[in-house]
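Source file: entry-v3.txt; contents: compact mmCIF, C-alpha atoms and all ligand atoms.
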# COMPACT_ATOMS: atom_id res chain seq x y z
CA MET A 152 214.83 259.52 26.96
CA VAL A 153 217.11 258.41 29.75
CA ALA A 154 215.60 255.48 31.61
CA ARG A 155 214.87 256.22 35.25
CA ASP A 156 217.38 254.51 37.48
CA ASN A 157 215.04 252.34 39.52
CA ARG A 158 217.84 251.32 41.88
CA GLU A 159 217.15 254.65 43.57
CA ALA A 160 213.64 253.51 44.41
CA ARG A 161 215.09 251.18 47.04
CA LEU A 162 217.37 253.76 48.67
CA PRO A 163 216.51 256.03 51.61
CA LEU A 164 216.22 259.69 50.65
CA GLU A 165 219.52 260.65 52.27
CA LEU A 166 221.37 258.13 50.14
CA VAL A 167 219.58 259.18 46.98
CA LYS A 168 220.84 262.72 47.62
CA VAL A 169 224.39 261.51 48.19
CA ARG A 170 224.25 259.28 45.13
CA ARG A 171 223.13 262.25 43.04
CA SER A 172 225.85 264.44 44.49
CA VAL A 173 228.33 261.76 43.48
CA ILE A 174 226.89 261.71 39.98
CA ASN A 175 227.33 265.50 39.88
CA VAL A 176 231.05 265.27 40.61
CA MET A 177 231.51 262.42 38.17
CA TYR A 178 233.16 262.36 34.77
CA THR A 179 236.26 264.23 35.85
CA LYS A 180 239.29 263.05 33.97
CA THR A 181 241.47 261.21 36.48
CA ASP A 182 245.21 261.76 35.93
CA ILE A 183 247.40 258.86 37.00
CA LEU A 184 250.60 260.54 38.17
CA GLU A 185 254.07 259.12 38.67
CA ALA A 186 255.55 259.62 42.13
CA ASP A 187 258.27 261.89 40.70
CA GLY A 188 258.95 265.65 40.46
CA PRO A 189 256.47 266.46 37.67
CA GLY A 190 253.83 264.13 39.17
CA LEU A 191 254.10 265.77 42.59
CA ALA A 192 254.08 269.25 41.08
CA ARG A 193 250.83 268.44 39.26
CA ALA A 194 249.35 266.95 42.46
CA GLU A 195 250.23 270.11 44.37
CA GLU A 196 248.58 272.25 41.70
CA VAL A 197 245.38 270.18 41.87
CA LEU A 198 245.30 270.47 45.68
CA ARG A 199 245.83 274.25 45.57
CA GLY A 200 242.88 274.48 43.17
CA GLY A 201 240.65 272.67 45.68
CA GLY A 202 240.78 269.34 43.84
CA LEU A 203 241.15 265.77 45.07
CA VAL A 204 244.38 263.76 44.87
CA ALA A 205 244.67 260.14 46.01
CA PHE A 206 248.14 259.38 47.36
CA PRO A 207 249.92 256.43 48.97
CA THR A 208 250.68 256.32 52.68
CA GLU A 209 252.34 253.44 54.54
CA THR A 210 248.87 252.25 55.63
CA VAL A 211 246.46 252.65 52.70
CA TYR A 212 245.91 255.19 49.90
CA GLY A 213 244.34 258.41 51.14
CA LEU A 214 241.93 260.69 49.27
CA GLY A 215 243.55 264.05 49.91
CA ALA A 216 242.25 267.61 49.86
CA ASP A 217 243.31 270.93 51.38
CA ALA A 218 242.06 270.65 54.97
CA ARG A 219 241.61 274.45 55.19
CA ASN A 220 239.31 274.61 52.16
CA GLY A 221 235.72 273.71 53.11
CA GLU A 222 234.62 273.11 49.52
CA ALA A 223 237.55 270.82 48.82
CA VAL A 224 236.73 268.88 52.00
CA ALA A 225 233.07 268.66 50.98
CA ARG A 226 234.22 267.17 47.68
CA ILE A 227 235.86 264.31 49.60
CA TYR A 228 232.52 263.35 51.15
CA ALA A 229 230.77 263.56 47.79
CA ALA A 230 233.46 261.54 45.97
CA LYS A 231 233.32 258.75 48.54
CA GLY A 232 229.52 258.85 48.72
CA ARG A 233 229.74 259.13 52.51
CA PRO A 234 226.11 259.30 53.62
CA THR A 235 226.90 261.43 56.66
CA PHE A 236 229.64 263.86 57.55
CA ASN A 237 231.97 261.64 59.52
CA PRO A 238 235.19 263.33 60.57
CA LEU A 239 238.38 262.96 58.54
CA ILE A 240 242.02 262.46 59.50
CA VAL A 241 244.29 265.47 58.92
CA HIS A 242 247.80 264.61 57.73
CA VAL A 243 250.79 266.81 58.55
CA LEU A 244 254.55 266.57 58.19
CA ASN A 245 255.65 266.57 61.81
CA GLN A 246 254.64 266.98 65.43
CA ARG A 247 255.24 270.73 65.34
CA ASP A 248 252.70 271.17 62.54
CA ALA A 249 250.30 268.87 64.40
CA ALA A 250 250.61 271.02 67.55
CA GLU A 251 249.46 274.08 65.56
CA LEU A 252 246.18 272.33 64.80
CA GLY A 253 245.50 270.38 67.98
CA VAL A 254 246.44 270.47 71.65
CA PHE A 255 249.21 268.01 72.55
CA GLU A 256 249.75 267.37 76.24
CA GLY A 257 250.75 264.49 78.51
CA PRO A 258 250.48 261.07 76.85
CA ALA A 259 249.92 262.58 73.38
CA MET A 260 253.45 264.03 73.48
CA ASP A 261 255.02 260.71 74.49
CA LEU A 262 253.10 258.83 71.82
CA ALA A 263 254.02 261.33 69.11
CA ALA A 264 257.68 261.07 70.10
CA ALA A 265 257.56 257.27 70.06
CA PHE A 266 255.47 256.55 66.94
CA TRP A 267 255.48 259.50 64.53
CA PRO A 268 256.01 259.36 61.64
CA GLY A 269 254.00 256.14 61.42
CA PRO A 270 250.60 254.40 61.42
CA LEU A 271 249.15 256.20 64.46
CA THR A 272 246.32 258.79 64.50
CA MET A 273 245.54 260.81 67.64
CA VAL A 274 242.24 262.57 68.26
CA VAL A 275 243.00 265.65 70.37
CA PRO A 276 241.21 268.93 71.19
CA ARG A 277 241.22 271.17 68.13
CA ARG A 278 242.73 274.64 68.38
CA ALA A 279 240.27 277.45 67.76
CA GLU A 280 242.83 279.18 65.52
CA SER A 281 243.72 276.03 63.55
CA GLY A 282 242.33 277.40 60.29
CA LEU A 283 240.92 273.95 59.47
CA ALA A 284 237.58 273.74 57.67
CA PRO A 285 234.98 272.81 60.34
CA LEU A 286 233.73 270.04 58.05
CA VAL A 287 237.05 268.21 58.51
CA SER A 288 235.97 267.29 62.05
CA ALA A 289 232.28 267.18 61.14
CA GLY A 290 231.74 270.01 63.62
CA LEU A 291 233.35 268.16 66.59
CA PRO A 292 235.61 270.14 68.95
CA SER A 293 238.39 267.57 68.32
CA VAL A 294 240.67 266.80 65.39
CA ALA A 295 242.28 263.53 64.25
CA LEU A 296 245.95 264.08 63.37
CA ARG A 297 248.49 261.80 61.75
CA VAL A 298 252.10 262.13 60.59
CA PRO A 299 252.60 259.55 57.84
CA SER A 300 255.98 257.93 57.18
CA ALA A 301 255.58 256.94 53.51
CA PRO A 302 258.07 258.96 51.41
CA VAL A 303 255.51 259.90 48.73
CA ALA A 304 253.04 261.19 51.32
CA ARG A 305 255.82 263.18 52.98
CA ASP A 306 257.03 264.63 49.67
CA LEU A 307 253.47 265.72 48.89
CA LEU A 308 253.00 267.26 52.35
CA SER A 309 256.26 269.15 52.12
CA SER A 310 255.58 270.55 48.66
CA PHE A 311 251.97 271.42 49.55
CA ALA A 312 253.20 272.88 52.87
CA GLY A 313 249.81 272.59 54.54
CA PRO A 314 247.48 270.08 56.21
CA LEU A 315 245.81 267.45 54.02
CA ALA A 316 242.50 265.89 54.99
CA ALA A 317 242.49 262.31 53.76
CA PRO A 318 240.19 259.41 54.44
CA SER A 319 240.94 256.08 52.79
CA ALA A 320 240.52 256.44 49.00
CA ASN A 321 237.64 254.00 48.53
CA PRO A 322 233.93 254.48 47.92
CA SER A 323 232.16 254.58 51.29
CA GLY A 324 231.88 251.23 53.04
CA ARG A 325 234.08 249.34 50.58
CA ILE A 326 237.51 247.75 50.97
CA SER A 327 240.36 250.21 51.54
CA PRO A 328 242.87 250.59 48.67
CA THR A 329 246.47 249.44 49.01
CA SER A 330 247.45 250.14 45.39
CA ALA A 331 246.77 252.84 42.80
CA ALA A 332 244.83 250.23 40.79
CA HIS A 333 242.43 249.75 43.73
CA VAL A 334 241.86 253.51 43.89
CA SER A 335 241.17 253.69 40.15
CA ALA A 336 238.78 250.75 40.35
CA GLY A 337 236.64 252.62 42.90
CA LEU A 338 237.11 256.30 42.07
CA GLU A 339 238.23 256.64 38.42
CA GLY A 340 236.38 259.57 36.86
CA ILE A 341 235.54 260.93 40.32
CA VAL A 342 238.91 262.12 41.65
CA ASP A 343 241.21 264.52 39.82
CA ALA A 344 244.44 262.58 40.24
CA VAL A 345 245.99 259.45 41.70
CA ILE A 346 249.70 259.33 42.55
CA ASP A 347 250.92 255.81 41.84
CA GLY A 348 253.44 255.04 44.55
CA GLY A 349 253.18 251.25 44.48
CA THR A 350 251.84 249.04 47.25
CA CYS A 351 251.29 250.26 50.83
CA PRO A 352 253.68 248.36 53.13
CA VAL A 353 251.52 248.24 56.30
CA GLY A 354 248.28 247.55 54.42
CA LEU A 355 245.89 248.36 57.31
CA GLU A 356 244.62 251.79 58.32
CA SER A 357 246.29 253.61 61.20
CA THR A 358 245.49 252.85 64.82
CA ILE A 359 243.27 255.66 66.16
CA LEU A 360 243.61 256.80 69.78
CA GLY A 361 241.35 259.29 71.54
CA ILE A 362 243.32 261.42 73.99
CA ASP A 363 241.08 262.32 76.90
CA GLY A 364 243.32 264.14 79.41
CA ASP A 365 245.54 261.41 80.81
CA VAL A 366 243.26 258.64 79.56
CA VAL A 367 244.10 257.13 76.15
CA ARG A 368 241.27 255.30 74.41
CA LEU A 369 241.55 252.86 71.52
CA LEU A 370 239.04 254.15 68.94
CA ARG A 371 240.17 251.89 66.10
CA PRO A 372 242.76 249.08 66.13
CA GLY A 373 245.10 249.43 63.18
CA GLY A 374 248.60 249.20 61.79
CA LEU A 375 250.32 249.94 65.12
CA ALA A 376 249.77 247.12 67.63
CA SER A 377 248.09 248.04 70.95
CA GLU A 378 250.82 246.17 72.86
CA GLN A 379 253.46 248.57 71.53
CA ILE A 380 251.38 251.57 72.58
CA GLU A 381 250.71 250.13 76.03
CA GLN A 382 254.42 249.60 76.50
CA VAL A 383 255.09 253.31 75.97
CA LEU A 384 252.15 254.38 78.16
CA GLY A 385 252.93 251.90 80.91
CA THR A 386 249.16 251.26 81.23
CA ASP A 387 246.42 249.51 79.27
CA LEU A 388 244.48 251.36 76.60
CA ALA A 389 240.93 252.31 77.66
CA PRO A 390 237.91 251.35 75.54
CA PRO A 391 236.10 254.14 73.69
CA ASN A 392 233.40 255.82 75.76
CA SER A 393 229.99 256.12 74.13
CA ALA A 394 230.50 259.82 73.40
CA THR A 395 233.61 259.11 71.32
CA ILE A 396 232.07 256.46 69.09
CA THR A 397 231.60 258.84 66.23
CA ALA A 398 233.97 257.02 63.91
CA PRO A 399 232.35 255.28 60.95
CA GLY A 400 235.14 252.76 61.20
CA GLN A 401 233.33 251.76 64.39
CA LEU A 402 230.10 250.95 62.59
CA SER A 403 229.64 247.27 62.09
CA SER A 404 229.45 246.89 58.29
CA HIS A 405 232.58 248.31 56.77
CA TYR A 406 235.43 247.27 54.52
CA ALA A 407 232.74 245.30 52.74
CA PRO A 408 233.43 243.11 49.73
CA HIS A 409 230.44 242.49 47.45
CA ALA A 410 230.55 238.79 48.30
CA ALA A 411 229.36 237.19 51.56
CA VAL A 412 232.19 236.58 54.04
CA ARG A 413 232.32 233.69 56.57
CA LEU A 414 234.94 233.78 59.37
CA ASN A 415 236.94 231.22 61.37
CA VAL A 416 236.59 228.55 58.71
CA ARG A 417 238.99 225.59 58.74
CA SER A 418 237.43 223.73 55.83
CA PRO A 419 235.53 225.80 53.30
CA ARG A 420 232.52 224.66 51.27
CA ASP A 421 232.85 223.78 47.59
CA ASP A 422 231.12 226.97 46.46
CA GLU A 423 233.44 229.23 48.48
CA VAL A 424 236.80 230.79 47.74
CA TRP A 425 239.16 230.49 50.69
CA LEU A 426 241.29 233.18 52.29
CA GLY A 427 243.77 231.17 54.33
CA PHE A 428 246.17 232.05 57.12
CA GLY A 429 249.18 229.98 58.13
CA PRO A 430 250.70 226.69 56.96
CA GLU A 431 247.62 224.65 57.92
CA ALA A 432 245.47 226.40 55.26
CA ARG A 433 246.75 224.17 52.49
CA GLY A 434 244.73 224.54 49.28
CA ALA A 435 243.54 228.07 50.16
CA THR A 436 242.70 230.20 47.11
CA LEU A 437 244.96 232.90 48.62
CA ASN A 438 246.90 232.83 51.87
CA LEU A 439 247.44 235.95 54.01
CA SER A 440 250.73 234.48 55.19
CA THR A 441 251.73 230.86 54.67
CA LYS A 442 254.21 231.20 57.52
CA GLY A 443 251.56 232.62 59.84
CA ASP A 444 253.24 236.05 60.10
CA LEU A 445 250.73 238.74 61.20
CA VAL A 446 252.71 241.66 59.74
CA GLU A 447 252.74 239.99 56.33
CA ALA A 448 249.05 239.13 56.74
CA ALA A 449 248.16 242.76 57.49
CA ALA A 450 250.02 243.93 54.40
CA GLN A 451 248.18 241.40 52.20
CA LEU A 452 244.68 241.63 53.68
CA PHE A 453 242.97 244.23 51.48
CA GLN A 454 244.80 243.16 48.29
CA HIS A 455 243.61 239.59 48.84
CA LEU A 456 240.05 240.69 49.65
CA HIS A 457 239.98 242.77 46.46
CA GLU A 458 241.20 239.79 44.41
CA LEU A 459 238.85 237.25 45.96
CA ASP A 460 235.90 239.62 45.66
CA ALA A 461 236.54 239.84 41.91
CA LEU A 462 236.00 236.05 41.66
CA GLY A 463 232.34 236.58 42.61
CA ALA A 464 232.01 233.63 45.06
CA PRO A 465 231.38 233.71 48.83
CA ILE A 466 234.61 234.07 50.83
CA ALA A 467 235.58 231.73 53.69
CA VAL A 468 238.37 233.00 55.96
CA SER A 469 240.71 230.98 58.20
CA PRO A 470 240.98 231.89 61.90
CA VAL A 471 243.56 234.61 62.64
CA PRO A 472 245.05 234.86 66.16
CA GLU A 473 243.82 237.80 68.27
CA THR A 474 247.26 239.19 69.18
CA GLY A 475 249.40 242.07 67.86
CA LEU A 476 248.23 243.13 64.39
CA GLY A 477 245.85 240.14 64.47
CA ARG A 478 243.44 242.33 66.47
CA ALA A 479 243.19 244.90 63.68
CA ILE A 480 243.02 242.16 61.00
CA ASN A 481 240.14 240.46 62.85
CA ASP A 482 238.42 243.83 63.37
CA ARG A 483 238.43 244.45 59.58
CA LEU A 484 237.38 240.86 58.84
CA ARG A 485 234.44 241.06 61.27
CA ARG A 486 233.28 244.25 59.58
CA ALA A 487 233.71 242.67 56.15
CA ALA A 488 231.51 239.79 57.32
CA ALA A 489 228.82 241.94 58.99
CA PRO A 490 225.43 242.48 57.34
CA LYS A 491 225.84 245.33 54.88
CA VAL A 492 224.59 248.85 55.55
CA GLU A 493 225.29 251.80 53.27
CA THR A 494 227.69 253.72 55.45
CA GLY A 495 231.33 253.78 56.40
CA SER A 496 234.57 255.42 55.44
O1 LIG B 1 245.63 254.96 57.80
C1 LIG B 1 244.70 255.76 57.83
O2 LIG B 1 244.22 256.18 58.90
C2 LIG B 1 244.13 256.22 56.50
C3 LIG B 1 245.24 256.95 55.75
C4 LIG B 1 244.78 257.56 54.46
O3 LIG B 1 245.82 257.90 56.58
N1 LIG B 1 242.98 257.04 56.66
C5 LIG B 1 241.79 256.54 57.08
O4 LIG B 1 240.78 257.48 57.13
O5 LIG B 1 241.61 255.37 57.39
P1 LIG B 1 239.21 257.13 57.25
O6 LIG B 1 238.44 258.40 57.05
O7 LIG B 1 238.88 256.04 56.33
O8 LIG B 1 239.05 256.79 58.73
C6 LIG B 1 239.21 257.81 59.68
C7 LIG B 1 238.55 257.46 60.95
C8 LIG B 1 237.05 257.45 60.82
O9 LIG B 1 236.55 256.28 61.41
C9 LIG B 1 236.66 258.73 61.55
O10 LIG B 1 235.36 258.72 62.04
C10 LIG B 1 237.73 258.83 62.62
O11 LIG B 1 238.88 258.46 61.92
N2 LIG B 1 237.88 260.20 63.10
C11 LIG B 1 238.34 261.26 62.44
N3 LIG B 1 238.26 262.38 63.18
C12 LIG B 1 237.74 262.02 64.36
C13 LIG B 1 237.39 262.72 65.56
N4 LIG B 1 237.58 264.03 65.66
N5 LIG B 1 236.86 262.00 66.56
C14 LIG B 1 236.68 260.65 66.46
N6 LIG B 1 236.98 259.94 65.34
C15 LIG B 1 237.49 260.60 64.33
MG MG B 2 238.18 254.18 55.47
Entire entry expressed as C-alpha cells:
Amino acid sequence: MVARDNREARLPLELVKVRRSVINVMYTKTDILEADGPGLARAEEVLRGGGLVAFPTETVYGLGADARNGEAVARIYAAKGRPTFNPLIVHVLNQRDAAELGVFEGPAMDLAAAFWPGPLTMVVPRRAESGLAPLVSAGLPSVALRVPSAPVARDLLSSFAGPLAAPSANPSGRISPTSAAHVSAGLEGIVDAVIDGGTCPVGLESTILGIDGDVVRLLRPGGLASEQIEQVLGTDLAPPNSATITAPGQLSSHYAPHAAVRLNVRSPRDDEVWLGFGPEARGATLNLSTKGDLVEAAAQLFQHLHELDALGAPIAVSPVPETGLGRAINDRLRRAAAPKVETGS
C-alpha cells in the first residue's frame, strides 16, 4: 500500500488540489534540447502539440506554451503549482505582433520604440479579437506583452510564428532560473522540454509597466532601470494603484530560497553563509559583484541564491544600493527574505 502523504494534512484545500494536479502532470520525460536547428524544430513541435517548453530569454528562463491554446496555458499553471490563476506574460517577436494582441497608444508606443526588444513588459488593454486564451490574462481585460531580445527566444518565436505565454520556469514561489540546470532542478519530469541556451545575461525578470491612458505605472521593478524609462517618458513613473496589484510578483514572499534570508548584513554570524556585494564584503561566501557593479550583480543574483541555498545554511546578504538595477535587486531580496507563503510566480 502506498503510504498516505501526511504533508498534505498541513496544506489548505486549494493547495492540496494544486499539488495533486501537479502530481497528475508529472513523470513526463523532459527532453534537454540544444539551441540549434533540430532542437528548435523539436521545441516547435512540442508547442504545436500543446506541450510545455522552457526556453532562455535575456532575463530568466521562461516556461512557454501556445498562448492561444487554453489547455496548454492551463498546463503552465499546473506545472508551476501556481495556487491561483495569476496572469502570464505573452511573448511576441515585434511591436507589430504585440499591437495585434493589445492596444498600443501614447506612451506605450514610445516605450516600445525605445526598449523593445528587451527586458520590458507592458500591460495594455487586450484586443477582443486577440485570439489569446482568456486564462493567459486570468480573465482580466488587459494583457502583459513582451518582445524578448535573446536570440534563442527570438528563433523560437519566429519558427513557432505565434504568441508564447511564459512565466518564469520555476516552481511557484521559488527562485527564478537563469540556466537550464536551474529549470531541470525545479521542473524535470514536469515539462516536456528545456532548450539549453546557456546563462541569461540580464538575470532579473523584466520590468513590468501598467499603461493606464497617459499614466505609466511601475508594477514590478526589473531588468530595465526605472531611470531609463523615466528619461524616455520625461516624467516619473507612477506607483501601482490598488486595482492593478494583481501580480503575484507583488506578493511579499516570492523568489524564496529554502533557507532563511537576512538583509543589510555587514558582518554575518558564524552559522550563516554570506552573499556579499562590493569590495568591502571580503570573505563573503559568494559576491554579487566584487567591484560593486549593479549590472553584474543583477546577472549573478539568482545563480548565487541557488548555489547558497544548496549549502543549507541561513543566508546573510550585504546591503545593495537602491539605485538603477539595485532597486530590482533589493525588491527580489526583500521577497526572498519575507515570511514564506505558498504563492507566487
Ligand atoms: O522576464 C520576465 O518577465 C520573465 C520572462 C520569462 O519573460 N517572465 C516572468 O513571468 O517573470 P512571471 O509570470 O514569473 O511574472 C509575470 C508577472 C506576474 O507578476 C503577473 O501577475 C504579471 O506579470 N502580469 C501578467 N499579466 C498581467 C496583467 N494583465 N496585469 C497585471 N499584471 C500582470
Ligand atoms: Mg516568476
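CA of Gly374 in chain A is positioned 28.1 Å from CA of Pro419 in chain A.
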Exercise. Please provide the set of residues having any atom within 12 Å of Asp187 in chain A, restricted to all atoms listed in the file, with same-chain residues fewer than 5 positions apart removed, written as a ChimeraX atom specification.
Key: /A:192-194,302-304,306-307,346-348
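Minimum atom-to-atom distance to ligand LIG 1 (chain B), evaluated using only C-alpha atoms and all ligand atoms, belongs to A:Pro268 out of A:Pro465, A:Gly434, A:Pro268, A:Gly340.
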Just the residues within 9 Å of range 283-286 of chain A, please, counting only C-alpha atoms, with nothing from its chain fewer than 3 positions along; format it as a short mmCIF file (atom, residue, chain, number, x, y, z; two decimals) with C-alpha atoms, in the coordinates of the input.
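Result went into around-v6.cif, see below:
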data_model
loop_
_atom_site.label_atom_id
_atom_site.label_comp_id
_atom_site.auth_asym_id
_atom_site.auth_seq_id
_atom_site.Cartn_x
_atom_site.Cartn_y
_atom_site.Cartn_z
CA ASP A 217 243.31 270.93 51.38
CA ALA A 218 242.06 270.65 54.97
CA ARG A 219 241.61 274.45 55.19
CA ASN A 220 239.31 274.61 52.16
CA GLY A 221 235.72 273.71 53.11
CA GLU A 222 234.62 273.11 49.52
CA VAL A 224 236.73 268.88 52.00
CA ALA A 225 233.07 268.66 50.98
CA PHE A 236 229.64 263.86 57.55
CA ASN A 237 231.97 261.64 59.52
CA PRO A 238 235.19 263.33 60.57
CA LEU A 239 238.38 262.96 58.54
CA LEU A 252 246.18 272.33 64.80
CA GLU A 280 242.83 279.18 65.52
CA ALA A 289 232.28 267.18 61.14
CA GLY A 290 231.74 270.01 63.62
CA LEU A 291 233.35 268.16 66.59
CA PRO A 314 247.48 270.08 56.21
#
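The space between CA of Ala448 in chain A and CA of Leu426 in chain A spans 10.7 Å.
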